[in-house]
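Working notes for the structure below.
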Amino acid sequence: MAGSSGEQGRGRRAQPQWCPPAGSEPSQLRLYNSLTRNKDVFIPQNGRRVTWYCCGPTVYDASHMGHARSYISFDILRRVLRDYFKFDVFYCMNITDIDDKIITRARQNCLFERYREKQPPAAQLLDDVHAALQLLSAKLSETSDPDRRQMRERVQQAVQRTAGVLEEAVRSGLPAEDVDSRAQVLLEEAKDLLSEWLDATLGSEVLPPDVLTRVSEYVPEIVSFVQKIVDNGYGYASNGSVYFDTVKFASSERHSYGKLVPEAVGDQKALQEGEGDLSISADRLSEKRSPSDFALWKASKPGEPSWPCPWGRGRPGWHIECSAMASALLGASMDIHGGGFDLRFPHHDNELAQSEAYFENDCWVRYFLHTGHLTISGCKMSKSLKNFITIKDALKKHSARQLRLAFLMHSWKDTLDYSSNTMESALQFEKFMNEFFLNVKDVLRAPVDVTGQFEKWEKEEAELNESFYDKKAAVHEALCDNVDTRTVLEEMRALVSQCNLYMAARKAARRTPSRTLLESVALYLTHMLKIFGAIEEESSLGFPVGGPGTSLDLESTVMPYLQVLSEFRHGVRKIAREKQVPEVLQLSDALRDDVLPELGVRLEDHEGLPTVVKLVDRDTLLKEREEKKKVEEEKRRKKAEAARKKQELEAAKLAKMKIPPSEMFLSESDKYSKFDENGLPTHDTEGKELSKGQAKKLKKLFDAQEKLHREYLQVAQNAGSK
């Protein structure tokens, strides 16, 4: 019975209650939303799908670094949302090809080229330049913006100076070729000034009717968009143009005007800049019901492109193009709208107003993202300051990856200063990461059997692995916090530093580091850099080597041969040392220092360890070689300088030793007037006897000199006896 009872007890035993782990709340992506001026949790409207519209360039001139600030920053944000957070991103960007600036620039370029082809004589050129300067003076008197005023004053001074040189040449009767050369210099210096003057006087004669064949893709949609805004009661026609009624819109219960920058509503200067230079004449401004109203459609004047529409021939307003294009593709409400910080008002506020007037909603954009300004060495970028940098010019100095890294090292929404310091930081980060990848590749190339790949982890491996996971968590937190790439790169740098310390400790102890752990870290860092667009090509680990599309083939093809060459060189060096053949060692060094760098190969010799072989960009290696030469030259210079100073000191000491103590004070007649029989001073210049303290100090100096002179005599005697 007892046994039966025990069995029954065991049969009734149940599993203990299981308690789930407490866990922690997963971090959510927050983005800085200009509509709230806060970091808001990002929640797409339709599951994982994200609709995104971004204002692209207005193509009236070469793209500059200000454009790059926006392009690259939004490209990074899009990549992070798509490739890291795994959203399904539909990204649209416009190209503005109908705009007052484009029309003006095209017209001015045409007129200037015509003027240049006529080859005006020096006298005519001077007359025209003076007329253009008068127009500039009139504009200067109306200019209140300090930056624009400074720019125009600099242009005025430069042109006046160059015109003076030509006038002097004409007055002096210089040869025709000298006058012509000075005229060409003035023509180039006054290009912008003459272009504006020619446009003011001849602009209506430009652009023949064939412009009608170059209709922009979305003009029909824009016309329909404007018509619906009018039908909804928020637009009105006036003298062939159509304006948005800001007062009517703002008074509607369901709408708000100036969502992004409400404090700027009514700022006439900003509004007029938004309307464009061709749209702020007195007659145009008088067409509006309210000064804050803006053009949805502009009646075209002679010399301006035009399209047919219900209100007469005209062209789209600047703001309406974005609204019509974005709405055609993304519908009544998009998740994200992006653009530069300077577009917030009036461009984006007007976009919001006219789009919500069209759809009769209050949510055309859910999250508005604005990238920060770009400055050049702390100054606003402008041609007048000679710091206007095109993207093409920037790419002549630095690679696309280096520019992207510079942007990654700054917050996308804050001002970025493009300077030598900024780019040096990016270059150093690139070099730091590349050296790590090269070192890990060297570790992975070392021959090892299957069991050797999975050696037991010691304390150091466990600590590095724990740190690896901590850094990955920190990177995730940073990306959730408004895509903080600056912090991400700092965490990546810290992780690499820890790996470098680990590898150095293993090398010092003559122990092999954990291949699997280092490979995991390197692959993770490669993955993150691919997400950011810093590694575009198909590189399995680290930065690609060689040109586009060649990196994998190049490294896998040449590295076995380089490894054989390195091992052969190591054996030759060993024999040369044993047999004491310095010529062979010199040839070996020349192969390392002069020959292989030209081919993009770096050999790193380490005492008692195998030579490390690295494939590195050729230009980088040559630059390193030049810097190494400079360092060595500086060392030689300092060594020679130190030797020279030492020689001078020794010569000065010898000269001092030669002086007998009895003569050392006799030359100081400006201090002393009487001396004793040994040459020691007894009275000062006024005939007063020296005090005991003074006499004691002089005696001390006298004794020291006596000792020095005695040493000199001994040395001289020894030298003579030899």
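Chains: A, B, ... in order of the structure tokens. Residues: from 1 per chain. Ligands: from 1, in order shown.
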**Prompt:** Using only C-alpha atoms, which residues sit within 7 Å of A:His683 once same-chain residues fewer than 6 positions away are excluded, as a PyMOL selection string?
**Reply:** chain A and resi 672-674+689-690
Per residue of stretch 386-502 of chain A within 8 Å of stretch 69-89 of chain A, which atom pair is closest and at what distance in Å (one decimal), using only C-alpha atoms, listed by chain and increasing number, as CSV?
```
residue,atom,partner,partner_atom,distance
A:Arg404,CA,A:Ile72,CA,6.8
A:Phe407,CA,A:Ser73,CA,7.0
A:Leu408,CA,A:Ser73,CA,7.9
A:Trp412,CA,A:Ser73,CA,5.8
A:Val483,CA,A:Leu77,CA,7.1
```
Name all residues at most 12 Å from stretch 455-458 of chain A (count only C-alpha atoms; drop same-chain ones fewer than 6 positions away) and give them as a PDB file with all heavy atoms, in the first residue's frame.
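around_29.pdb was written with the following content:
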```
ATOM      1  N   VAL A 448      45.214  27.375 -41.262  1.00  0.00           N
ATOM      2  CA  VAL A 448      44.789  26.755 -40.004  1.00  0.00           C
ATOM      3  C   VAL A 448      43.900  25.559 -40.339  1.00  0.00           C
ATOM      4  O   VAL A 448      43.172  25.576 -41.331  1.00  0.00           O
ATOM      5  CB  VAL A 448      44.023  27.776 -39.123  1.00  0.00           C
ATOM      6  CG1 VAL A 448      42.713  28.188 -39.771  1.00  0.00           C
ATOM      7  CG2 VAL A 448      43.775  27.222 -37.721  1.00  0.00           C
ATOM      8  N   ASP A 449      43.990  24.511 -39.520  1.00  0.00           N
ATOM      9  CA  ASP A 449      43.128  23.356 -39.789  1.00  0.00           C
ATOM     10  C   ASP A 449      41.717  23.621 -39.243  1.00  0.00           C
ATOM     11  O   ASP A 449      41.459  24.637 -38.600  1.00  0.00           O
ATOM     12  CB  ASP A 449      43.716  22.072 -39.176  1.00  0.00           C
ATOM     13  CG  ASP A 449      43.951  22.216 -37.678  1.00  0.00           C
ATOM     14  OD1 ASP A 449      43.220  22.998 -37.039  1.00  0.00           O
ATOM     15  OD2 ASP A 449      44.870  21.557 -37.158  1.00  0.00           O
ATOM     16  N   LEU A 464      35.691  40.587 -25.232  1.00  0.00           N
ATOM     17  CA  LEU A 464      35.523  41.275 -26.511  1.00  0.00           C
ATOM     18  C   LEU A 464      34.156  40.968 -27.119  1.00  0.00           C
ATOM     19  O   LEU A 464      33.495  41.850 -27.674  1.00  0.00           O
ATOM     20  CB  LEU A 464      36.635  40.858 -27.481  1.00  0.00           C
ATOM     21  CG  LEU A 464      36.585  41.508 -28.875  1.00  0.00           C
ATOM     22  CD1 LEU A 464      36.632  43.034 -28.768  1.00  0.00           C
ATOM     23  CD2 LEU A 464      37.733  41.007 -29.746  1.00  0.00           C
ATOM     24  N   ASN A 465      33.720  39.726 -26.990  1.00  0.00           N
ATOM     25  CA  ASN A 465      32.408  39.347 -27.524  1.00  0.00           C
ATOM     26  C   ASN A 465      31.287  40.098 -26.798  1.00  0.00           C
ATOM     27  O   ASN A 465      30.325  40.555 -27.420  1.00  0.00           O
ATOM     28  CB  ASN A 465      32.210  37.840 -27.392  1.00  0.00           C
ATOM     29  CG  ASN A 465      30.957  37.366 -28.102  1.00  0.00           C
ATOM     30  OD1 ASN A 465      30.799  37.552 -29.305  1.00  0.00           O
ATOM     31  ND2 ASN A 465      30.047  36.773 -27.349  1.00  0.00           N
ATOM     32  N   TYR A 502      43.023  43.894 -28.661  1.00  0.00           N
ATOM     33  CA  TYR A 502      42.978  42.435 -28.524  1.00  0.00           C
ATOM     34  C   TYR A 502      43.995  41.778 -29.460  1.00  0.00           C
ATOM     35  O   TYR A 502      44.766  40.903 -29.053  1.00  0.00           O
ATOM     36  CB  TYR A 502      41.561  41.949 -28.821  1.00  0.00           C
ATOM     37  CG  TYR A 502      41.449  40.461 -29.042  1.00  0.00           C
ATOM     38  CD1 TYR A 502      41.579  39.559 -27.980  1.00  0.00           C
ATOM     39  CD2 TYR A 502      41.213  39.949 -30.318  1.00  0.00           C
ATOM     40  CE1 TYR A 502      41.478  38.185 -28.189  1.00  0.00           C
ATOM     41  CE2 TYR A 502      41.112  38.584 -30.538  1.00  0.00           C
ATOM     42  CZ  TYR A 502      41.251  37.714 -29.471  1.00  0.00           C
ATOM     43  OH  TYR A 502      41.161  36.362 -29.667  1.00  0.00           O
ATOM     44  N   ARG A 506      47.432  39.658 -28.493  1.00  0.00           N
ATOM     45  CA  ARG A 506      47.661  38.291 -28.980  1.00  0.00           C
ATOM     46  C   ARG A 506      48.997  38.212 -29.739  1.00  0.00           C
ATOM     47  O   ARG A 506      49.740  37.239 -29.623  1.00  0.00           O
ATOM     48  CB  ARG A 506      46.516  37.865 -29.903  1.00  0.00           C
ATOM     49  CG  ARG A 506      45.271  37.419 -29.128  1.00  0.00           C
ATOM     50  CD  ARG A 506      45.564  36.068 -28.468  1.00  0.00           C
ATOM     51  NE  ARG A 506      44.478  35.588 -27.644  1.00  0.00           N
ATOM     52  CZ  ARG A 506      44.345  35.853 -26.354  1.00  0.00           C
ATOM     53  NH1 ARG A 506      45.229  36.623 -25.741  1.00  0.00           N
ATOM     54  NH2 ARG A 506      43.359  35.355 -25.658  1.00  0.00           N
ATOM     55  N   ARG A 511      50.357  34.539 -29.844  1.00  0.00           N
ATOM     56  CA  ARG A 511      49.183  33.660 -29.882  1.00  0.00           C
ATOM     57  C   ARG A 511      48.259  34.113 -31.006  1.00  0.00           C
ATOM     58  O   ARG A 511      48.151  35.299 -31.308  1.00  0.00           O
ATOM     59  CB  ARG A 511      48.432  33.700 -28.549  1.00  0.00           C
ATOM     60  CG  ARG A 511      49.212  33.089 -27.388  1.00  0.00           C
ATOM     61  CD  ARG A 511      48.414  33.163 -26.112  1.00  0.00           C
ATOM     62  NE  ARG A 511      47.124  32.474 -26.215  1.00  0.00           N
ATOM     63  CZ  ARG A 511      46.177  32.531 -25.287  1.00  0.00           C
ATOM     64  NH1 ARG A 511      46.371  33.266 -24.200  1.00  0.00           N
ATOM     65  NH2 ARG A 511      45.042  31.887 -25.440  1.00  0.00           N
ATOM     66  N   THR A 512      47.578  33.174 -31.613  1.00  0.00           N
ATOM     67  CA  THR A 512      46.670  33.480 -32.720  1.00  0.00           C
ATOM     68  C   THR A 512      45.348  34.016 -32.164  1.00  0.00           C
ATOM     69  O   THR A 512      44.753  33.401 -31.282  1.00  0.00           O
ATOM     70  CB  THR A 512      46.380  32.216 -33.554  1.00  0.00           C
ATOM     71  OG1 THR A 512      47.617  31.673 -33.995  1.00  0.00           O
ATOM     72  CG2 THR A 512      45.491  32.538 -34.743  1.00  0.00           C
ATOM     73  N   PRO A 513      44.865  35.158 -32.680  1.00  0.00           N
ATOM     74  CA  PRO A 513      43.572  35.679 -32.221  1.00  0.00           C
ATOM     75  C   PRO A 513      42.417  34.842 -32.759  1.00  0.00           C
ATOM     76  O   PRO A 513      42.589  34.059 -33.692  1.00  0.00           O
ATOM     77  CB  PRO A 513      43.541  37.097 -32.801  1.00  0.00           C
ATOM     78  CG  PRO A 513      44.430  37.042 -33.987  1.00  0.00           C
ATOM     79  CD  PRO A 513      45.497  36.048 -33.676  1.00  0.00           C
ATOM     80  N   SER A 514      41.257  34.994 -32.171  1.00  0.00           N
ATOM     81  CA  SER A 514      40.083  34.230 -32.593  1.00  0.00           C
ATOM     82  C   SER A 514      39.625  34.690 -33.974  1.00  0.00           C
ATOM     83  O   SER A 514      39.166  35.821 -34.151  1.00  0.00           O
ATOM     84  CB  SER A 514      38.939  34.414 -31.593  1.00  0.00           C
ATOM     85  OG  SER A 514      37.745  33.856 -32.105  1.00  0.00           O
ATOM     86  N   ARG A 515      39.741  33.811 -34.949  1.00  0.00           N
ATOM     87  CA  ARG A 515      39.344  34.140 -36.316  1.00  0.00           C
ATOM     88  C   ARG A 515      37.840  34.402 -36.408  1.00  0.00           C
ATOM     89  O   ARG A 515      37.408  35.372 -37.038  1.00  0.00           O
ATOM     90  CB  ARG A 515      39.710  32.986 -37.258  1.00  0.00           C
ATOM     91  CG  ARG A 515      41.194  32.713 -37.368  1.00  0.00           C
ATOM     92  CD  ARG A 515      41.444  31.322 -37.939  1.00  0.00           C
ATOM     93  NE  ARG A 515      40.858  31.134 -39.253  1.00  0.00           N
ATOM     94  CZ  ARG A 515      41.529  31.260 -40.383  1.00  0.00           C
ATOM     95  NH1 ARG A 515      42.821  31.561 -40.351  1.00  0.00           N
ATOM     96  NH2 ARG A 515      40.943  31.061 -41.544  1.00  0.00           N
ATOM     97  N   THR A 516      37.056  33.524 -35.801  1.00  0.00           N
ATOM     98  CA  THR A 516      35.596  33.634 -35.929  1.00  0.00           C
ATOM     99  C   THR A 516      35.070  34.921 -35.295  1.00  0.00           C
ATOM    100  O   THR A 516      34.177  35.575 -35.836  1.00  0.00           O
ATOM    101  CB  THR A 516      34.899  32.425 -35.280  1.00  0.00           C
ATOM    102  OG1 THR A 516      35.370  32.281 -33.923  1.00  0.00           O
ATOM    103  CG2 THR A 516      35.190  31.157 -36.055  1.00  0.00           C
ATOM    104  N   LEU A 517      35.637  35.314 -34.152  1.00  0.00           N
ATOM    105  CA  LEU A 517      35.177  36.524 -33.469  1.00  0.00           C
ATOM    106  C   LEU A 517      35.526  37.770 -34.279  1.00  0.00           C
ATOM    107  O   LEU A 517      34.679  38.644 -34.495  1.00  0.00           O
ATOM    108  CB  LEU A 517      35.795  36.599 -32.066  1.00  0.00           C
ATOM    109  CG  LEU A 517      35.435  37.824 -31.223  1.00  0.00           C
ATOM    110  CD1 LEU A 517      33.935  38.018 -31.126  1.00  0.00           C
ATOM    111  CD2 LEU A 517      36.059  37.697 -29.822  1.00  0.00           C
TER     112      LEU A 517
END
```
**Asked** What is the distance, in Å and to one decimal place, between atom CA of A:Asp442 and atom CA of A:Ala505?
**Response**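 These two atoms are separated by 16.1 Å.
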**Prompt:** What's the 9 Å shell around A:Tyr243, counting only C-alpha atoms, without same-chain residues fewer than 4 positions away, as a list in words?
**Reply:**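 Everything that qualifies: Val230, Tyr234, Gly235, Tyr236, Ala237, Ser238, Glu287, Lys288, Arg289, Asp293, Phe294, Ala295, Leu296, Trp297 and Lys298 of chain A.
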**Request:** Please provide the set of residues having any atom within 10 Å of stretch 181-184 of chain A, restricted to only C-alpha atoms, with same-chain residues fewer than 2 positions apart removed, written as a list in words.
**Result:** Arg116, Gln119, Pro120, Pro121, Ala122, Ala123, Leu125, Leu126, Thr162, Ala163, Val165, Leu166, Glu167, Ala169, Val170, Ala176, Glu177, Asp178, Val179, Leu186, Leu187, Glu188, Glu189 and Ala190 of chain A
Would you export the selected residues with N, CA and C atoms as a PDB file, in the first residue's frame, please?
```
ATOM      1  N   ARG A 116      29.043  88.033 -76.783  1.00  0.00           N
ATOM      2  CA  ARG A 116      30.452  87.655 -76.924  1.00  0.00           C
ATOM      3  C   ARG A 116      30.806  87.386 -78.395  1.00  0.00           C
ATOM      4  N   GLN A 119      31.876  90.168 -80.593  1.00  0.00           N
ATOM      5  CA  GLN A 119      33.213  90.721 -80.319  1.00  0.00           C
ATOM      6  C   GLN A 119      33.190  92.253 -80.317  1.00  0.00           C
ATOM      7  N   PRO A 120      32.494  92.833 -79.341  1.00  0.00           N
ATOM      8  CA  PRO A 120      32.383  94.298 -79.311  1.00  0.00           C
ATOM      9  C   PRO A 120      33.760  94.940 -79.132  1.00  0.00           C
ATOM     10  N   PRO A 121      34.016  96.071 -79.834  1.00  0.00           N
ATOM     11  CA  PRO A 121      35.297  96.771 -79.645  1.00  0.00           C
ATOM     12  C   PRO A 121      35.410  97.295 -78.224  1.00  0.00           C
ATOM     13  N   ALA A 122      36.634  97.628 -77.808  1.00  0.00           N
ATOM     14  CA  ALA A 122      36.899  98.033 -76.422  1.00  0.00           C
ATOM     15  C   ALA A 122      36.015  99.200 -75.989  1.00  0.00           C
ATOM     16  N   ALA A 123      35.849 100.198 -76.870  1.00  0.00           N
ATOM     17  CA  ALA A 123      35.052 101.375 -76.502  1.00  0.00           C
ATOM     18  C   ALA A 123      33.604 100.989 -76.237  1.00  0.00           C
ATOM     19  N   LEU A 125      32.479  97.967 -75.415  1.00  0.00           N
ATOM     20  CA  LEU A 125      32.449  97.142 -74.197  1.00  0.00           C
ATOM     21  C   LEU A 125      32.458  98.020 -72.954  1.00  0.00           C
ATOM     22  N   LEU A 126      33.308  99.042 -72.954  1.00  0.00           N
ATOM     23  CA  LEU A 126      33.379  99.938 -71.792  1.00  0.00           C
ATOM     24  C   LEU A 126      32.067 100.681 -71.587  1.00  0.00           C
ATOM     25  N   THR A 162      38.799  96.290 -63.139  1.00  0.00           N
ATOM     26  CA  THR A 162      39.198  95.711 -64.429  1.00  0.00           C
ATOM     27  C   THR A 162      38.892  96.672 -65.583  1.00  0.00           C
ATOM     28  N   ALA A 163      37.756  97.392 -65.482  1.00  0.00           N
ATOM     29  CA  ALA A 163      37.413  98.375 -66.515  1.00  0.00           C
ATOM     30  C   ALA A 163      38.450  99.501 -66.550  1.00  0.00           C
ATOM     31  N   VAL A 165      41.613  99.257 -65.914  1.00  0.00           N
ATOM     32  CA  VAL A 165      42.818  98.761 -66.601  1.00  0.00           C
ATOM     33  C   VAL A 165      42.642  98.884 -68.115  1.00  0.00           C
ATOM     34  N   LEU A 166      41.433  98.521 -68.622  1.00  0.00           N
ATOM     35  CA  LEU A 166      41.182  98.621 -70.058  1.00  0.00           C
ATOM     36  C   LEU A 166      41.154 100.082 -70.512  1.00  0.00           C
ATOM     37  N   GLU A 167      40.525 100.948 -69.727  1.00  0.00           N
ATOM     38  CA  GLU A 167      40.473 102.374 -70.076  1.00  0.00           C
ATOM     39  C   GLU A 167      41.875 102.968 -70.183  1.00  0.00           C
ATOM     40  N   ALA A 169      44.583 101.348 -70.909  1.00  0.00           N
ATOM     41  CA  ALA A 169      45.227 100.791 -72.103  1.00  0.00           C
ATOM     42  C   ALA A 169      44.782 101.544 -73.357  1.00  0.00           C
ATOM     43  N   VAL A 170      43.485 101.875 -73.428  1.00  0.00           N
ATOM     44  CA  VAL A 170      42.965 102.616 -74.583  1.00  0.00           C
ATOM     45  C   VAL A 170      43.548 104.022 -74.622  1.00  0.00           C
ATOM     46  N   ALA A 176      47.036  96.916 -80.409  1.00  0.00           N
ATOM     47  CA  ALA A 176      45.685  96.336 -80.467  1.00  0.00           C
ATOM     48  C   ALA A 176      45.588  95.012 -79.712  1.00  0.00           C
ATOM     49  N   GLU A 177      46.651  94.175 -79.850  1.00  0.00           N
ATOM     50  CA  GLU A 177      46.576  92.869 -79.166  1.00  0.00           C
ATOM     51  C   GLU A 177      46.558  93.023 -77.645  1.00  0.00           C
ATOM     52  N   ASP A 178      47.263  94.047 -77.115  1.00  0.00           N
ATOM     53  CA  ASP A 178      47.250  94.293 -75.671  1.00  0.00           C
ATOM     54  C   ASP A 178      45.878  94.786 -75.213  1.00  0.00           C
ATOM     55  N   VAL A 179      45.267  95.671 -76.016  1.00  0.00           N
ATOM     56  CA  VAL A 179      43.925  96.173 -75.685  1.00  0.00           C
ATOM     57  C   VAL A 179      42.920  95.022 -75.726  1.00  0.00           C
ATOM     58  N   LEU A 186      38.134  91.802 -69.034  1.00  0.00           N
ATOM     59  CA  LEU A 186      36.961  92.541 -68.550  1.00  0.00           C
ATOM     60  C   LEU A 186      35.671  91.794 -68.887  1.00  0.00           C
ATOM     61  N   LEU A 187      35.614  91.216 -70.089  1.00  0.00           N
ATOM     62  CA  LEU A 187      34.423  90.477 -70.500  1.00  0.00           C
ATOM     63  C   LEU A 187      34.141  89.313 -69.551  1.00  0.00           C
ATOM     64  N   GLU A 188      35.193  88.603 -69.134  1.00  0.00           N
ATOM     65  CA  GLU A 188      35.022  87.484 -68.198  1.00  0.00           C
ATOM     66  C   GLU A 188      34.647  87.983 -66.800  1.00  0.00           C
ATOM     67  N   GLU A 189      35.314  89.047 -66.347  1.00  0.00           N
ATOM     68  CA  GLU A 189      35.053  89.581 -65.003  1.00  0.00           C
ATOM     69  C   GLU A 189      33.632  90.121 -64.895  1.00  0.00           C
ATOM     70  N   ALA A 190      33.137  90.710 -65.996  1.00  0.00           N
ATOM     71  CA  ALA A 190      31.819  91.358 -65.976  1.00  0.00           C
ATOM     72  C   ALA A 190      30.722  90.458 -66.533  1.00  0.00           C
TER      73      ALA A 190
END
```
**Request:** Tell me, as a list in words, which residues lie within 10 Å of A:Tyr32, counting only C-alpha atoms; anything in the same chain fewer than 5 positions away does not count.
**Result:**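 Close residues of A:Tyr32: Arg37, Asn38, Lys39, Asp40, Val41, Phe42, Tyr367, Phe368, Leu369, His370, Lys413, Asp481, Asn482 and Val483 of chain A.
In this model, the gap between atom CA of A:Ala651 and atom CA of A:Glu632 comes to 28.3 Å.
Going from atom CA of A:Gly542 to atom CA of A:Gln563 covers 19.3 Å.
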**Request:** Mind the document's chain letters and residue numbers, and return as number ranges by chain the residues of stretch 61-180 of chain A that DSSP labels strand (DSSP E or B).
**Result:** A: 64, 88-93, 96
Store the residues of this selection in a file with N, CA, C and O atoms, as an mmCIF file, in the first residue's frame.
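Okay, out03.cif is ready:
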```cif
data_model
loop_
_atom_site.group_PDB
_atom_site.id
_atom_site.type_symbol
_atom_site.label_atom_id
_atom_site.label_comp_id
_atom_site.auth_asym_id
_atom_site.auth_seq_id
_atom_site.Cartn_x
_atom_site.Cartn_y
_atom_site.Cartn_z
ATOM 1 N N HIS A 64 25.928 71.972 -56.359
ATOM 2 C CA HIS A 64 27.002 72.345 -55.443
ATOM 3 C C HIS A 64 26.896 71.554 -54.142
ATOM 4 O O HIS A 64 26.002 70.710 -53.971
ATOM 5 N N ASP A 88 9.518 49.063 -46.358
ATOM 6 C CA ASP A 88 9.385 49.011 -47.814
ATOM 7 C C ASP A 88 9.207 50.446 -48.300
ATOM 8 O O ASP A 88 8.094 50.989 -48.299
ATOM 9 N N VAL A 89 10.318 51.089 -48.689
ATOM 10 C CA VAL A 89 10.316 52.527 -48.972
ATOM 11 C C VAL A 89 10.075 52.801 -50.453
ATOM 12 O O VAL A 89 10.784 52.276 -51.315
ATOM 13 N N PHE A 90 9.051 53.630 -50.738
ATOM 14 C CA PHE A 90 8.822 54.145 -52.089
ATOM 15 C C PHE A 90 9.243 55.608 -52.065
ATOM 16 O O PHE A 90 8.579 56.450 -51.474
ATOM 17 N N TYR A 91 10.381 55.906 -52.712
ATOM 18 C CA TYR A 91 11.049 57.210 -52.585
ATOM 19 C C TYR A 91 10.970 57.964 -53.905
ATOM 20 O O TYR A 91 11.423 57.475 -54.940
ATOM 21 N N CYS A 92 10.400 59.153 -53.873
ATOM 22 C CA CYS A 92 10.260 59.971 -55.081
ATOM 23 C C CYS A 92 10.998 61.290 -54.892
ATOM 24 O O CYS A 92 10.929 61.895 -53.820
ATOM 25 N N MET A 93 11.675 61.733 -55.946
ATOM 26 C CA MET A 93 12.344 63.043 -55.895
ATOM 27 C C MET A 93 12.097 63.772 -57.203
ATOM 28 O O MET A 93 12.177 63.188 -58.276
ATOM 29 N N THR A 96 13.203 70.169 -60.570
ATOM 30 C CA THR A 96 12.482 71.379 -60.972
ATOM 31 C C THR A 96 13.092 71.920 -62.258
ATOM 32 O O THR A 96 14.232 72.379 -62.265
#
```
**Item:** Expected answer as a PyMOL selection string: helix (DSSP H, G or I) residues in stretch 105-281 of chain A
**Value:** chain A and resi 105-117+122-142+146-171+176-189+191-205+209-213+219-231+246-250+262-264+268-275+277-279
**Message:** Which residues are close to A:Thr51, i.e. within 10 Å by only C-alpha atoms, leaving aside same-chain residues fewer than 5 positions away? Reply as a PyMOL selection string.
**Reply:** chain A and resi 44-46+88-92+326+329-331+333-337+365
Writer output for current selection, C-alpha atoms, as a PDB file, in the first residue's frame:
```pdb
ATOM      1  CA  PRO A  44       3.850  54.473 -41.273  1.00  0.00           C
ATOM      2  CA  GLN A  45       0.238  54.703 -42.369  1.00  0.00           C
ATOM      3  CA  ASN A  46       0.228  51.347 -44.160  1.00  0.00           C
ATOM      4  CA  ASP A  88       9.385  49.011 -47.814  1.00  0.00           C
ATOM      5  CA  VAL A  89      10.316  52.527 -48.972  1.00  0.00           C
ATOM      6  CA  PHE A  90       8.822  54.145 -52.089  1.00  0.00           C
ATOM      7  CA  TYR A  91      11.049  57.210 -52.585  1.00  0.00           C
ATOM      8  CA  CYS A  92      10.260  59.971 -55.081  1.00  0.00           C
ATOM      9  CA  ALA A 326       3.944  64.138 -55.276  1.00  0.00           C
ATOM     10  CA  LEU A 329       2.411  59.406 -57.197  1.00  0.00           C
ATOM     11  CA  LEU A 330       1.710  59.214 -53.462  1.00  0.00           C
ATOM     12  CA  GLY A 331      -1.917  60.226 -53.136  1.00  0.00           C
ATOM     13  CA  SER A 333      -1.296  61.594 -47.652  1.00  0.00           C
ATOM     14  CA  MET A 334       2.362  60.600 -47.601  1.00  0.00           C
ATOM     15  CA  ASP A 335       4.455  59.323 -44.702  1.00  0.00           C
ATOM     16  CA  ILE A 336       7.565  61.484 -45.199  1.00  0.00           C
ATOM     17  CA  HIS A 337       8.367  64.698 -47.057  1.00  0.00           C
ATOM     18  CA  VAL A 365       2.403  65.006 -44.851  1.00  0.00           C
TER      19      VAL A 365
END
```
**Message:** Considering only C-alpha atoms, can you say which of A:Met409, A:Ala22, A:Leu518, A:Leu136 comes closest to A:Asn439?
**Reply:**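 Under the stated criterion, the closest residue is A:Leu518.
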